[in-house]
>>> print(open('entry.pdb').read())   # PDB, C-alpha atoms
ATOM      1  CA  VAL A   1       4.427 -15.109   4.821
ATOM      2  CA  GLN A   2       1.378 -14.102   6.809
ATOM      3  CA  PRO A   3       1.726 -10.921   8.861
ATOM      4  CA  PRO A   4       1.420 -11.660  12.608
ATOM      5  CA  TRP A   5      -0.909  -8.748  13.288
ATOM      6  CA  ASN A   6      -4.247  -7.227  12.370
ATOM      7  CA  MET A   7      -3.555  -4.227  10.122
ATOM      8  CA  MET A   8      -6.425  -2.164  11.553
ATOM      9  CA  GLY A   9      -5.127  -2.415  15.111
ATOM     10  CA  PRO A  10      -7.627  -1.018  17.652
ATOM     11  CA  PHE A  11      -9.903   0.189  14.835
ATOM     12  CA  GLN A  12     -10.846  -3.413  14.021
ATOM     13  CA  VAL A  13     -13.487  -3.301  16.782
ATOM     14  CA  LEU A  14     -15.365  -0.399  15.144
ATOM     15  CA  SER A  15     -18.203  -1.694  12.989
ATOM     16  CA  HIS A  16     -18.939   1.542  11.082
ATOM     17  CA  MET A  17     -15.550   2.210   9.475
ATOM     18  CA  GLN A  18     -15.894   3.593   5.940
ATOM     19  CA  CYS A  19     -13.101   1.335   4.682
ATOM     20  CA  ASN A  20     -11.228  -1.549   6.312
ATOM     21  CA  HIS A  21      -7.871  -2.851   5.148
ATOM     22  CA  GLY A  22      -6.216  -6.214   5.660
ATOM     23  CA  VAL A  23      -3.084  -8.003   4.473
ATOM     24  CA  ILE A  24      -3.534 -11.728   3.829
ATOM     25  CA  SER A  25      -0.027 -12.540   2.603
ATOM     26  CA  LEU A  26       3.068 -10.363   2.301
ATOM     27  CA  ALA A  27       4.874 -12.894   0.104
ATOM     28  CA  HIS A  28       3.991 -16.370  -1.118
ATOM     29  CA  ARG A  29       5.343 -18.670  -3.819
ATOM     30  CA  LEU A  30       3.593 -18.699  -7.180
ATOM     31  CA  GLU A  31       3.006 -21.652  -9.475
ATOM     32  CA  GLY A  32       1.043 -21.871 -12.684
ATOM     33  CA  CYS A  33       0.434 -19.932 -15.889
ATOM     34  CA  LEU A  34      -1.717 -17.024 -17.030
ATOM     35  CA  GLN A  35      -2.940 -16.619 -20.593
ATOM     36  CA  ILE A  36      -2.975 -13.018 -21.880
ATOM     37  CA  ASN A  37      -4.124 -12.290 -25.447
ATOM     38  CA  GLY A  38      -3.361 -15.843 -26.478
ATOM     39  CA  GLU A  39       0.137 -15.919 -24.973
ATOM     40  CA  TRP A  40       1.046 -17.923 -21.880
ATOM     41  CA  LEU A  41       2.926 -16.249 -19.039
ATOM     42  CA  SER A  42       4.565 -18.514 -16.467
ATOM     43  CA  MET A  43       4.249 -17.525 -12.806
ATOM     44  CA  ASP A  44       6.492 -20.353 -11.570
ATOM     45  CA  GLY A  45       9.121 -19.203  -9.115
ATOM     46  CA  GLY A  46       7.567 -15.782  -8.558
ATOM     47  CA  PHE A  47       6.268 -14.228  -5.358
ATOM     48  CA  GLY A  48       2.749 -12.952  -4.763
ATOM     49  CA  TYR A  49       1.043 -10.504  -2.411
ATOM     50  CA  VAL A  50      -2.618 -10.538  -1.334
ATOM     51  CA  GLU A  51      -4.589  -7.892   0.540
ATOM     52  CA  THR A  52      -8.245  -7.096   1.064
ATOM     53  CA  ASP A  53     -10.498  -4.066   1.525
ATOM     54  CA  TRP A  54     -14.086  -4.046   2.710
ATOM     55  CA  GLY A  55     -16.617  -1.391   3.631
ATOM     56  CA  SER A  56     -18.877   1.080   1.828
ATOM     57  CA  SER A  57     -16.397   3.547   0.285
ATOM     58  CA  PHE A  58     -12.765   4.133  -0.468
ATOM     59  CA  PRO A  59     -11.433   7.145   1.461
ATOM     60  CA  ASP A  60     -11.989  10.584  -0.083
ATOM     61  CA  GLY A  61      -8.231  11.027  -0.388
ATOM     62  CA  TYR A  62      -5.544   8.359  -0.061
ATOM     63  CA  LEU A  63      -2.202   6.976  -1.183
ATOM     64  CA  TRP A  64      -1.392   3.287  -1.582
ATOM     65  CA  THR A  65       1.658   1.478  -2.909
ATOM     66  CA  GLN A  66       2.988  -2.085  -2.889
ATOM     67  CA  ALA A  67       5.982  -3.934  -4.283
ATOM     68  CA  ASN A  68       7.783  -7.259  -3.920
ATOM     69  CA  PHE A  69      11.475  -7.887  -4.507
ATOM     70  CA  VAL A  70      14.089 -10.492  -3.623
ATOM     71  CA  ASP A  71      16.903  -9.795  -1.156
ATOM     72  CA  HIS A  72      18.152 -12.969   0.584
ATOM     73  CA  GLY A  73      14.578 -14.214   0.229
ATOM     74  CA  PRO A  74      11.281 -12.494  -0.583
ATOM     75  CA  SER A  75      10.788  -8.906   0.549
ATOM     76  CA  SER A  76       7.566  -6.911   0.433
ATOM     77  CA  VAL A  77       6.521  -3.320   1.081
ATOM     78  CA  MET A  78       3.006  -1.961   1.468
ATOM     79  CA  LEU A  79       2.098   1.595   2.496
ATOM     80  CA  SER A  80      -1.347   3.099   2.848
ATOM     81  CA  VAL A  81      -2.152   6.675   3.873
ATOM     82  CA  ALA A  82      -5.776   7.768   4.034
ATOM     83  CA  GLU A  83      -8.131  10.400   5.345
ATOM     84  CA  ILE A  84     -10.347   8.586   7.838
ATOM     85  CA  PRO A  85     -13.769   9.876   8.964
ATOM     86  CA  ILE A  86     -14.635   8.592  12.421
ATOM     87  CA  LEU A  87     -16.884   9.785  15.263
ATOM     88  CA  ASN A  88     -17.782  13.097  13.556
ATOM     89  CA  THR A  89     -14.140  13.973  12.947
ATOM     90  CA  ARG A  90     -11.412  13.203  10.418
ATOM     91  CA  PHE A  91      -7.745  12.337  10.690
ATOM     92  CA  THR A  92      -4.979  11.099   8.419
ATOM     93  CA  GLY A  93      -4.035   7.514   9.201
ATOM     94  CA  SER A  94      -1.045   5.519   7.964
ATOM     95  CA  ILE A  95      -0.256   1.803   7.832
ATOM     96  CA  ALA A  96       2.904   0.183   6.483
ATOM     97  CA  ALA A  97       3.762  -3.518   6.361
ATOM     98  CA  ILE A  98       7.319  -4.476   5.495
ATOM     99  CA  LEU A  99       8.849  -7.937   5.134
ATOM    100  CA  HIS A 100      12.628  -8.005   4.827
ATOM    101  CA  ARG A 101      15.042 -10.891   5.317
ATOM    102  CA  GLY A 102      12.474 -12.921   7.212
ATOM    103  CA  LYS A 103      11.441 -10.145   9.610
ATOM    104  CA  CYS A 104       8.102  -8.322   9.610
ATOM    105  CA  TYR A 105       7.865  -4.636  10.484
ATOM    106  CA  ARG A 106       4.745  -2.582  11.106
ATOM    107  CA  LEU A 107       4.474   1.204  11.128
ATOM    108  CA  ALA A 108       1.052   2.615  11.940
ATOM    109  CA  THR A 109      -0.608   5.741  13.283
ATOM    110  CA  TYR A 110      -2.032   3.753  16.198
ATOM    111  CA  SER A 111       1.516   2.616  17.046
ATOM    112  CA  GLY A 112       2.903   6.155  17.103
ATOM    113  CA  ALA A 113       3.999   6.556  13.479
ATOM    114  CA  SER A 114       4.293  10.131  12.183
ATOM    115  CA  LEU A 115       3.669  11.122   8.597
ATOM    116  CA  LEU A 116       6.480  13.565   7.802
ATOM    117  CA  ARG A 117       5.580  14.071   4.154
ATOM    118  CA  CYS A 118       2.894  12.908   1.739
ATOM    119  CA  SER A 119       2.824  14.153  -1.841
ATOM    120  CA  ALA A 120       2.423  12.737  -5.342
ATOM    121  CA  GLU A 121       6.200  12.370  -5.525
ATOM    122  CA  GLN A 122       7.364  11.381  -2.040
ATOM    123  CA  THR A 123       6.009  10.042   1.236
ATOM    124  CA  ILE A 124       7.967   9.630   4.473
ATOM    125  CA  LEU A 125       6.679   7.682   7.480
ATOM    126  CA  LYS A 126       8.659   7.481  10.731
ATOM    127  CA  GLN A 127       8.071   5.445  13.884
ATOM    128  CA  GLY A 128      10.730   5.478  16.559
ATOM    129  CA  GLY A 129      13.974   4.495  14.856
ATOM    130  CA  LEU A 130      12.196   3.118  11.754
ATOM    131  CA  SER A 131      11.811   5.301   8.681
ATOM    132  CA  LEU A 132      10.175   4.429   5.353
ATOM    133  CA  GLN A 133      10.624   6.727   2.367
ATOM    134  CA  VAL A 134       8.645   6.124  -0.822
ATOM    135  CA  THR A 135       9.363   8.033  -4.036
ATOM    136  CA  CYS A 136       7.225   7.511  -7.133
ATOM    137  CA  LEU A 137       9.520   7.981 -10.139
ATOM    138  CA  ALA A 138       6.850   7.819 -12.843
ATOM    139  CA  GLN A 139       3.170   6.929 -13.005
ATOM    140  CA  THR A 140       1.301   4.859 -15.598
ATOM    141  CA  PRO A 141      -2.302   5.550 -14.559
ATOM    142  CA  HIS A 142      -5.262   3.453 -15.653
ATOM    143  CA  LEU A 143      -8.913   4.133 -14.862
ATOM    144  CA  LEU A 144     -10.407   1.879 -12.197
ATOM    145  CA  TYR A 145     -13.849   1.574 -10.629
ATOM    146  CA  ALA A 146     -13.974   2.159  -6.869
ATOM    147  CA  PRO A 147     -16.731   1.999  -4.230
ATOM    148  CA  SER A 148     -18.588   5.104  -3.114
ATOM    149  CA  SER A 149     -21.429   4.793  -0.580
ATOM    150  CA  GLY A 150     -21.834   1.128  -1.445
ATOM    151  CA  ASP A 151     -21.877   1.518  -5.241
ATOM    152  CA  MET A 152     -19.041   0.949  -7.700
ATOM    153  CA  ASN A 153     -19.590   4.292  -9.433
ATOM    154  CA  ARG A 154     -16.402   6.207  -8.652
ATOM    155  CA  LEU A 155     -13.495   6.569 -11.059
ATOM    156  CA  ILE A 156      -9.939   6.633  -9.749
ATOM    157  CA  ARG A 157      -6.540   6.205 -11.394
ATOM    158  CA  GLU A 158      -4.093   3.475 -10.426
ATOM    159  CA  SER A 159      -0.629   2.700 -11.768
ATOM    160  CA  PRO A 160      -0.419  -1.107 -11.522
ATOM    161  CA  SER A 161       3.175  -1.219 -12.810
ATOM    162  CA  CYS A 162       5.511   1.737 -12.435
ATOM    163  CA  PRO A 163       8.979   2.546 -10.992
ATOM    164  CA  VAL A 164       8.946   3.361  -7.274
ATOM    165  CA  ARG A 165      11.918   3.798  -4.940
ATOM    166  CA  TYR A 166      11.664   2.409  -1.404
ATOM    167  CA  ARG A 167      14.191   3.311   1.296
ATOM    168  CA  PHE A 168      13.870   1.710   4.732
ATOM    169  CA  ARG A 169      16.079   2.633   7.680
ATOM    170  CA  GLN A 170      16.453   1.461  11.252
ATOM    171  CA  GLY A 171      18.311   4.232  13.009
ATOM    172  CA  GLU A 172      21.423   5.009  10.973
ATOM    173  CA  HIS A 173      21.360   1.554   9.356
ATOM    174  CA  LEU A 174      19.966   1.410   5.828
ATOM    175  CA  LEU A 175      18.057  -1.887   5.600
ATOM    176  CA  PHE A 176      17.325  -1.493   1.889
ATOM    177  CA  ASP A 177      17.200   1.078  -0.905
ATOM    178  CA  ARG A 178      15.408  -0.416  -3.889
ATOM    179  CA  VAL A 179      13.901   0.873  -7.116
ATOM    180  CA  CYS A 180      11.123  -1.557  -8.030
ATOM    181  CA  GLN A 181      10.326  -1.151 -11.731
ATOM    182  CA  HIS A 182       6.946  -2.897 -11.493
ATOM    183  CA  ALA A 183       5.520  -1.503  -8.251
ATOM    184  CA  SER A 184       1.882  -0.544  -7.839
ATOM    185  CA  PHE A 185       1.102   3.051  -6.923
ATOM    186  CA  GLU A 186      -2.155   4.873  -6.383
ATOM    187  CA  ARG A 187      -2.677   8.421  -5.140
ATOM    188  CA  VAL A 188      -6.158   9.893  -5.102
ATOM    189  CA  PRO A 189      -6.222  13.534  -3.927
ATOM    190  CA  LYS A 190      -9.140  14.625  -1.823
ATOM    191  CA  GLN A 191     -11.960  16.200  -3.795
ATOM    192  CA  LYS A 192     -15.061  18.036  -2.636
ATOM    193  CA  LYS A 193     -17.078  15.524  -4.613
ATOM    194  CA  ALA A 194     -15.788  12.139  -5.699
ATOM    195  CA  GLN A 195     -15.533  11.830  -9.481
ATOM    196  CA  SER A 196     -18.253   9.493 -10.657
ATOM    197  CA  LEU A 197     -19.499   8.019 -13.906
TER     198      LEU A 197
END
>>> encode(input="entry.pdb", output="structure tokens")
Amino acid sequence: VQPPWNMMGPFQVLSHMQCNHGVISLAHRLEGCLQINGEWLSMDGGFGYVETDWGSSFPDGYLWTQANFVDHGPSSVMLSVAEIPILNTRFTGSIAAILHRGKCYRLATYSGASLLRCSAEQTILKQGGLSLQVTCLAQTPHLLYAPSSGDMNRLIRESPSCPVRYRFRQGEHLLFDRVCQHASFERVPKQKKAQSL
């Protein structure tokens, strides 16, 4: 399912953004096999997610999480919160893309979303009657290279498979409350200097 919007909103027209973010597919069918350490793992019948980043650097501080699950069809959640330098100032921007029961939802700073909380344990994003709450239950961090000023010389930690709870409400109606055991979660706190090799 391709999201019917550009994730950067009005910021897509700015050519000097430090980091740009896009979602290519919220959920698509998987077919085929992957060989890991001599053992074959079948992907048949699964659902995939594809996104993209481009620019010169990851943000100094950010949070990102993504998970897929099945609820009357494929569902997908992606949330990104980042410190964004632009026009000699900085602000915290948020983007969330949610696919649930065939409907796509978007929560974003440029659409009036408010970040009510953002910590290593819990993040809450609210836009009108929509509310997304993300709670990381445990992290399994692995070192990962990340871009910094055009070079892949920054070390960050990402948990590619860990339990995360996602709660999504529309007004008083709870659309879903799911603990995804194999979600991806990444929180990089802002540092005065990015950790490098």
>>> closest_atom_pairs(input="entry.pdb", of="region 26-135 of chain A", to="region 139-150 of chain A", cutoff="8 Å", atoms="all atoms listed in the file", output="JSON lines")
{"residue": "A:Gly55", "atom": "CA", "partner": "A:Gly150", "partner_atom": "CA", "distance": 7.7}
{"residue": "A:Ser56", "atom": "CA", "partner": "A:Gly150", "partner_atom": "CA", "distance": 4.4}
{"residue": "A:Ser57", "atom": "CA", "partner": "A:Ser148", "partner_atom": "CA", "distance": 4.3}
{"residue": "A:Phe58", "atom": "CA", "partner": "A:Pro147", "partner_atom": "CA", "distance": 5.9}
>>> residues_around(input="entry.pdb", residues="Thr109 (chain A)", least_positions_apart="6", cutoff="7 Å", atoms="all atoms listed in the file", output="compact mmCIF listing (two decimals) with C-alpha atoms, in the frame of the given file")
# COMPACT_ATOMS: atom_id res chain seq x y z
CA GLY A 93 -4.04 7.51 9.20
CA SER A 94 -1.04 5.52 7.96
CA ILE A 95 -0.26 1.80 7.83
>>> closest_residue(input="entry.pdb", among="A:Asn68, A:Ser76, A:Leu63, A:Leu107", to="Ser161 (chain A)", atoms="all atoms listed in the file")
A:Asn68
>>> atom_distance(input="entry.pdb", atom1="CA of Cys104 (chain A)", atom2="CA of Val134 (chain A)")
17.8 Å
>>> closest_residue(input="entry.pdb", among="A:Pro74, A:Pro189, A:Pro59, A:Gly22", to="Lys103 (chain A)", atoms="all atoms listed in the file")
A:Pro74
>>> resolve_selection(input="entry.pdb", expression="the PyMOL selection byres ((chain A and resi 178-180) around 10)", output="list in words")
Gln66, Ala67, Asn68, Phe69, Asp71, Val134, Thr135, Cys136, Leu137, Ser161, Cys162, Pro163, Val164, Arg165, Tyr166, Arg167, Phe168, Leu175, Phe176, Asp177, Gln181, His182, Ala183 and Ser184 of chain A
>>> write_last_selection(input="entry.pdb", atoms="C-alpha atoms", output="CSV table (one decimal), in the coordinates of the input")
chain,number,residue,atom,x,y,z
A,66,GLN,CA,3.0,-2.1,-2.9
A,67,ALA,CA,6.0,-3.9,-4.3
A,68,ASN,CA,7.8,-7.3,-3.9
A,69,PHE,CA,11.5,-7.9,-4.5
A,71,ASP,CA,16.9,-9.8,-1.2
A,134,VAL,CA,8.6,6.1,-0.8
A,135,THR,CA,9.4,8.0,-4.0
A,136,CYS,CA,7.2,7.5,-7.1
A,137,LEU,CA,9.5,8.0,-10.1
A,161,SER,CA,3.2,-1.2,-12.8
A,162,CYS,CA,5.5,1.7,-12.4
A,163,PRO,CA,9.0,2.5,-11.0
A,164,VAL,CA,8.9,3.4,-7.3
A,165,ARG,CA,11.9,3.8,-4.9
A,166,TYR,CA,11.7,2.4,-1.4
A,167,ARG,CA,14.2,3.3,1.3
A,168,PHE,CA,13.9,1.7,4.7
A,175,LEU,CA,18.1,-1.9,5.6
A,176,PHE,CA,17.3,-1.5,1.9
A,177,ASP,CA,17.2,1.1,-0.9
A,181,GLN,CA,10.3,-1.2,-11.7
A,182,HIS,CA,6.9,-2.9,-11.5
A,183,ALA,CA,5.5,-1.5,-8.3
A,184,SER,CA,1.9,-0.5,-7.8
